Amino acid sequence: MPGAEAGATRLTRGRLLWAGAGAAAGAVAIATGRDDGTPLAAPSKATDVEILRFFLTLEQVQEAFYRDALESGRLDGELLELATAVRGQEREHVAFLTERLGGRAKPPPRSDFGDAFESPERFRRTAVELEEAAIAGYIGQAAHLGGRLIGAVATMLSVEARQVAWLRDLEGISPAPKAADPARSADDVLASLREKGFVA
């Protein structure tokens, strides 16, 4: 946590959350179209299902992470407030994607978060890493969705950006260090999560 002097110059909660959401929204705009506004690739229903399943996996892992964090009983103060709020939001994201997929939705993966809840510092670092990976995955895949789905997914991505902006502020680092967030492939994100044990 930053000291009193740093706290005096920290962004207000509203400003930092808008900064995070703005950065993510800008990245989505860049990722989802060319200069002339046309999509980068022609989407298909099969592609939509594959991408929504990937997003559902990300949301399921995040929901499990915050659930386990709350059940650990080791959070208090603003971290407890954050985890409670974010867990509820991730649960809503899971429900939304599950409804969209219907019978094509997959069950949650098994997750092992190791020592992520041993201290507030470990929780914050792990949460930032997980949220950043999810945002990069969303940005990397959103361009391949059908037009209507892009709009629906963008509303969730803006919330993810606000979440990580809040976390980064608590970690004492810039909530929006870049003008646009980087994109990552689904395979890259899932491989990283598997390596950490977050996806079994």
# chains A, B, ... in the order shown; residues from 1 in each chain; ligands from 1
$ select_by_dssp --residues "region 37-75 of chain A" --states "helix (DSSP H, G or I)" --output "PyMOL selection string"
chain A and resi 45-72
$ write_last_selection --atoms "N, CA and C atoms" --output "PDB file, in the first residue's frame"
ATOM      1  N   LYS A  45     -20.871 -18.771 -36.616  1.00  0.00           N
ATOM      2  CA  LYS A  45     -21.483 -19.234 -35.380  1.00  0.00           C
ATOM      3  C   LYS A  45     -20.555 -20.169 -34.625  1.00  0.00           C
ATOM      4  N   ALA A  46     -19.823 -21.019 -35.358  1.00  0.00           N
ATOM      5  CA  ALA A  46     -18.899 -21.939 -34.704  1.00  0.00           C
ATOM      6  C   ALA A  46     -17.778 -21.181 -34.000  1.00  0.00           C
ATOM      7  N   THR A  47     -17.291 -20.126 -34.653  1.00  0.00           N
ATOM      8  CA  THR A  47     -16.251 -19.306 -34.044  1.00  0.00           C
ATOM      9  C   THR A  47     -16.785 -18.597 -32.808  1.00  0.00           C
ATOM     10  N   ASP A  48     -18.004 -18.090 -32.904  1.00  0.00           N
ATOM     11  CA  ASP A  48     -18.618 -17.421 -31.754  1.00  0.00           C
ATOM     12  C   ASP A  48     -18.684 -18.358 -30.551  1.00  0.00           C
ATOM     13  N   VAL A  49     -19.095 -19.597 -30.778  1.00  0.00           N
ATOM     14  CA  VAL A  49     -19.209 -20.568 -29.688  1.00  0.00           C
ATOM     15  C   VAL A  49     -17.845 -20.832 -29.070  1.00  0.00           C
ATOM     16  N   GLU A  50     -16.843 -21.023 -29.892  1.00  0.00           N
ATOM     17  CA  GLU A  50     -15.492 -21.293 -29.398  1.00  0.00           C
ATOM     18  C   GLU A  50     -14.978 -20.130 -28.544  1.00  0.00           C
ATOM     19  N   ILE A  51     -15.193 -18.920 -29.020  1.00  0.00           N
ATOM     20  CA  ILE A  51     -14.709 -17.746 -28.290  1.00  0.00           C
ATOM     21  C   ILE A  51     -15.491 -17.548 -26.990  1.00  0.00           C
ATOM     22  N   LEU A  52     -16.806 -17.707 -27.042  1.00  0.00           N
ATOM     23  CA  LEU A  52     -17.611 -17.554 -25.827  1.00  0.00           C
ATOM     24  C   LEU A  52     -17.242 -18.610 -24.784  1.00  0.00           C
ATOM     25  N   ARG A  53     -16.902 -19.814 -25.227  1.00  0.00           N
ATOM     26  CA  ARG A  53     -16.433 -20.835 -24.290  1.00  0.00           C
ATOM     27  C   ARG A  53     -15.130 -20.408 -23.626  1.00  0.00           C
ATOM     28  N   PHE A  54     -14.252 -19.815 -24.402  1.00  0.00           N
ATOM     29  CA  PHE A  54     -12.997 -19.303 -23.842  1.00  0.00           C
ATOM     30  C   PHE A  54     -13.270 -18.219 -22.816  1.00  0.00           C
ATOM     31  N   PHE A  55     -14.134 -17.273 -23.155  1.00  0.00           N
ATOM     32  CA  PHE A  55     -14.482 -16.214 -22.208  1.00  0.00           C
ATOM     33  C   PHE A  55     -15.133 -16.798 -20.950  1.00  0.00           C
ATOM     34  N   LEU A  56     -15.983 -17.810 -21.135  1.00  0.00           N
ATOM     35  CA  LEU A  56     -16.628 -18.440 -19.984  1.00  0.00           C
ATOM     36  C   LEU A  56     -15.582 -19.074 -19.067  1.00  0.00           C
ATOM     37  N   THR A  57     -14.586 -19.725 -19.645  1.00  0.00           N
ATOM     38  CA  THR A  57     -13.515 -20.309 -18.822  1.00  0.00           C
ATOM     39  C   THR A  57     -12.816 -19.221 -18.014  1.00  0.00           C
ATOM     40  N   LEU A  58     -12.501 -18.097 -18.649  1.00  0.00           N
ATOM     41  CA  LEU A  58     -11.856 -16.988 -17.935  1.00  0.00           C
ATOM     42  C   LEU A  58     -12.718 -16.516 -16.772  1.00  0.00           C
ATOM     43  N   GLU A  59     -13.997 -16.358 -17.017  1.00  0.00           N
ATOM     44  CA  GLU A  59     -14.893 -15.857 -15.974  1.00  0.00           C
ATOM     45  C   GLU A  59     -15.083 -16.887 -14.861  1.00  0.00           C
ATOM     46  N   GLN A  60     -15.133 -18.162 -15.223  1.00  0.00           N
ATOM     47  CA  GLN A  60     -15.265 -19.212 -14.216  1.00  0.00           C
ATOM     48  C   GLN A  60     -14.040 -19.247 -13.298  1.00  0.00           C
ATOM     49  N   VAL A  61     -12.858 -19.090 -13.893  1.00  0.00           N
ATOM     50  CA  VAL A  61     -11.636 -19.082 -13.092  1.00  0.00           C
ATOM     51  C   VAL A  61     -11.620 -17.873 -12.165  1.00  0.00           C
ATOM     52  N   GLN A  62     -11.998 -16.713 -12.682  1.00  0.00           N
ATOM     53  CA  GLN A  62     -12.017 -15.509 -11.854  1.00  0.00           C
ATOM     54  C   GLN A  62     -13.048 -15.618 -10.731  1.00  0.00           C
ATOM     55  N   GLU A  63     -14.223 -16.138 -11.044  1.00  0.00           N
ATOM     56  CA  GLU A  63     -15.254 -16.291 -10.014  1.00  0.00           C
ATOM     57  C   GLU A  63     -14.760 -17.231  -8.911  1.00  0.00           C
ATOM     58  N   ALA A  64     -14.094 -18.325  -9.307  1.00  0.00           N
ATOM     59  CA  ALA A  64     -13.547 -19.269  -8.327  1.00  0.00           C
ATOM     60  C   ALA A  64     -12.454 -18.620  -7.489  1.00  0.00           C
ATOM     61  N   PHE A  65     -11.648 -17.781  -8.126  1.00  0.00           N
ATOM     62  CA  PHE A  65     -10.557 -17.110  -7.411  1.00  0.00           C
ATOM     63  C   PHE A  65     -11.100 -16.214  -6.297  1.00  0.00           C
ATOM     64  N   TYR A  66     -12.062 -15.383  -6.627  1.00  0.00           N
ATOM     65  CA  TYR A  66     -12.599 -14.460  -5.623  1.00  0.00           C
ATOM     66  C   TYR A  66     -13.448 -15.203  -4.590  1.00  0.00           C
ATOM     67  N   ARG A  67     -14.119 -16.255  -5.006  1.00  0.00           N
ATOM     68  CA  ARG A  67     -14.853 -17.084  -4.041  1.00  0.00           C
ATOM     69  C   ARG A  67     -13.897 -17.673  -3.018  1.00  0.00           C
ATOM     70  N   ASP A  68     -12.796 -18.267  -3.515  1.00  0.00           N
ATOM     71  CA  ASP A  68     -11.822 -18.881  -2.604  1.00  0.00           C
ATOM     72  C   ASP A  68     -11.148 -17.824  -1.734  1.00  0.00           C
ATOM     73  N   ALA A  69     -10.924 -16.645  -2.305  1.00  0.00           N
ATOM     74  CA  ALA A  69     -10.316 -15.566  -1.522  1.00  0.00           C
ATOM     75  C   ALA A  69     -11.208 -15.178  -0.354  1.00  0.00           C
ATOM     76  N   LEU A  70     -12.512 -15.075  -0.605  1.00  0.00           N
ATOM     77  CA  LEU A  70     -13.444 -14.721   0.461  1.00  0.00           C
ATOM     78  C   LEU A  70     -13.539 -15.844   1.496  1.00  0.00           C
ATOM     79  N   GLU A  71     -13.529 -17.082   1.024  1.00  0.00           N
ATOM     80  CA  GLU A  71     -13.632 -18.208   1.942  1.00  0.00           C
ATOM     81  C   GLU A  71     -12.364 -18.401   2.775  1.00  0.00           C
ATOM     82  N   SER A  72     -11.235 -17.832   2.317  1.00  0.00           N
ATOM     83  CA  SER A  72      -9.981 -17.964   3.062  1.00  0.00           C
ATOM     84  C   SER A  72     -10.046 -17.213   4.389  1.00  0.00           C
TER      85      SER A  72
END
$ closest_residue --among "A:Leu101, A:Leu75, A:Ala134, A:Ala180" --to "Ser192 (chain A)" --atoms "only C-alpha atoms"
A:Ala134
$ closest_residue --among "A:Pro175, A:Val128, A:Met156, A:Val164" --to "Glu92 (chain A)" --atoms "only C-alpha atoms"
A:Met156
$ atom_distance --atom1 "CA of Ala161 (chain A)" --atom2 "CA of Lys178 (chain A)"
12.5 Å
$ closest_residue --among "A:Ile150, A:Ala105, A:Leu82, A:Val189" --to "Leu170 (chain A)" --atoms "only C-alpha atoms"
A:Leu82
$ residues_around --residues "Gly114 (chain A)" --least-positions-apart "3" --cutoff "9 Å" --atoms "only C-alpha atoms" --output "MDAnalysis selection string"
chainID A and resid 117:118 196:198
$ write_last_selection --atoms "N, CA and C atoms" --output "PDB file, in the first residue's frame"
ATOM      1  N   PHE A 117      -3.593 -16.721  -1.328  1.00  0.00           N
ATOM      2  CA  PHE A 117      -4.361 -16.078  -0.265  1.00  0.00           C
ATOM      3  C   PHE A 117      -3.599 -16.047   1.061  1.00  0.00           C
ATOM      4  N   GLU A 118      -2.310 -16.303   1.003  1.00  0.00           N
ATOM      5  CA  GLU A 118      -1.522 -16.313   2.239  1.00  0.00           C
ATOM      6  C   GLU A 118      -1.322 -14.926   2.830  1.00  0.00           C
ATOM      7  N   LYS A 196       0.157 -22.087 -14.163  1.00  0.00           N
ATOM      8  CA  LYS A 196       0.016 -21.625 -12.774  1.00  0.00           C
ATOM      9  C   LYS A 196      -0.924 -22.515 -11.957  1.00  0.00           C
ATOM     10  N   GLY A 197      -1.613 -23.459 -12.617  1.00  0.00           N
ATOM     11  CA  GLY A 197      -2.547 -24.319 -11.919  1.00  0.00           C
ATOM     12  C   GLY A 197      -3.940 -23.760 -11.817  1.00  0.00           C
ATOM     13  N   PHE A 198      -4.176 -22.599 -12.437  1.00  0.00           N
ATOM     14  CA  PHE A 198      -5.487 -21.964 -12.361  1.00  0.00           C
ATOM     15  C   PHE A 198      -6.524 -22.702 -13.225  1.00  0.00           C
TER      16      PHE A 198
END
$ atom_distance --atom1 "CA of Leu193 (chain A)" --atom2 "CA of Ala116 (chain A)"
13.6 Å
$ closest_residue --among "A:Gly88, A:Pro109, A:Pro177, A:Gly137" --to "Val199 (chain A)" --atoms "only C-alpha atoms"
A:Pro109
$ residues_around --residues "Asp115 (chain A)" --least-positions-apart "6" --cutoff "10 Å" --atoms "only C-alpha atoms" --output "JSON, numbers by chain"
{"A": [122, 123, 126]}
$ closest_residue --among "A:Glu132, A:Glu121, A:Asp112, A:Glu160" --to "Gly172 (chain A)" --atoms "only C-alpha atoms"
A:Glu121
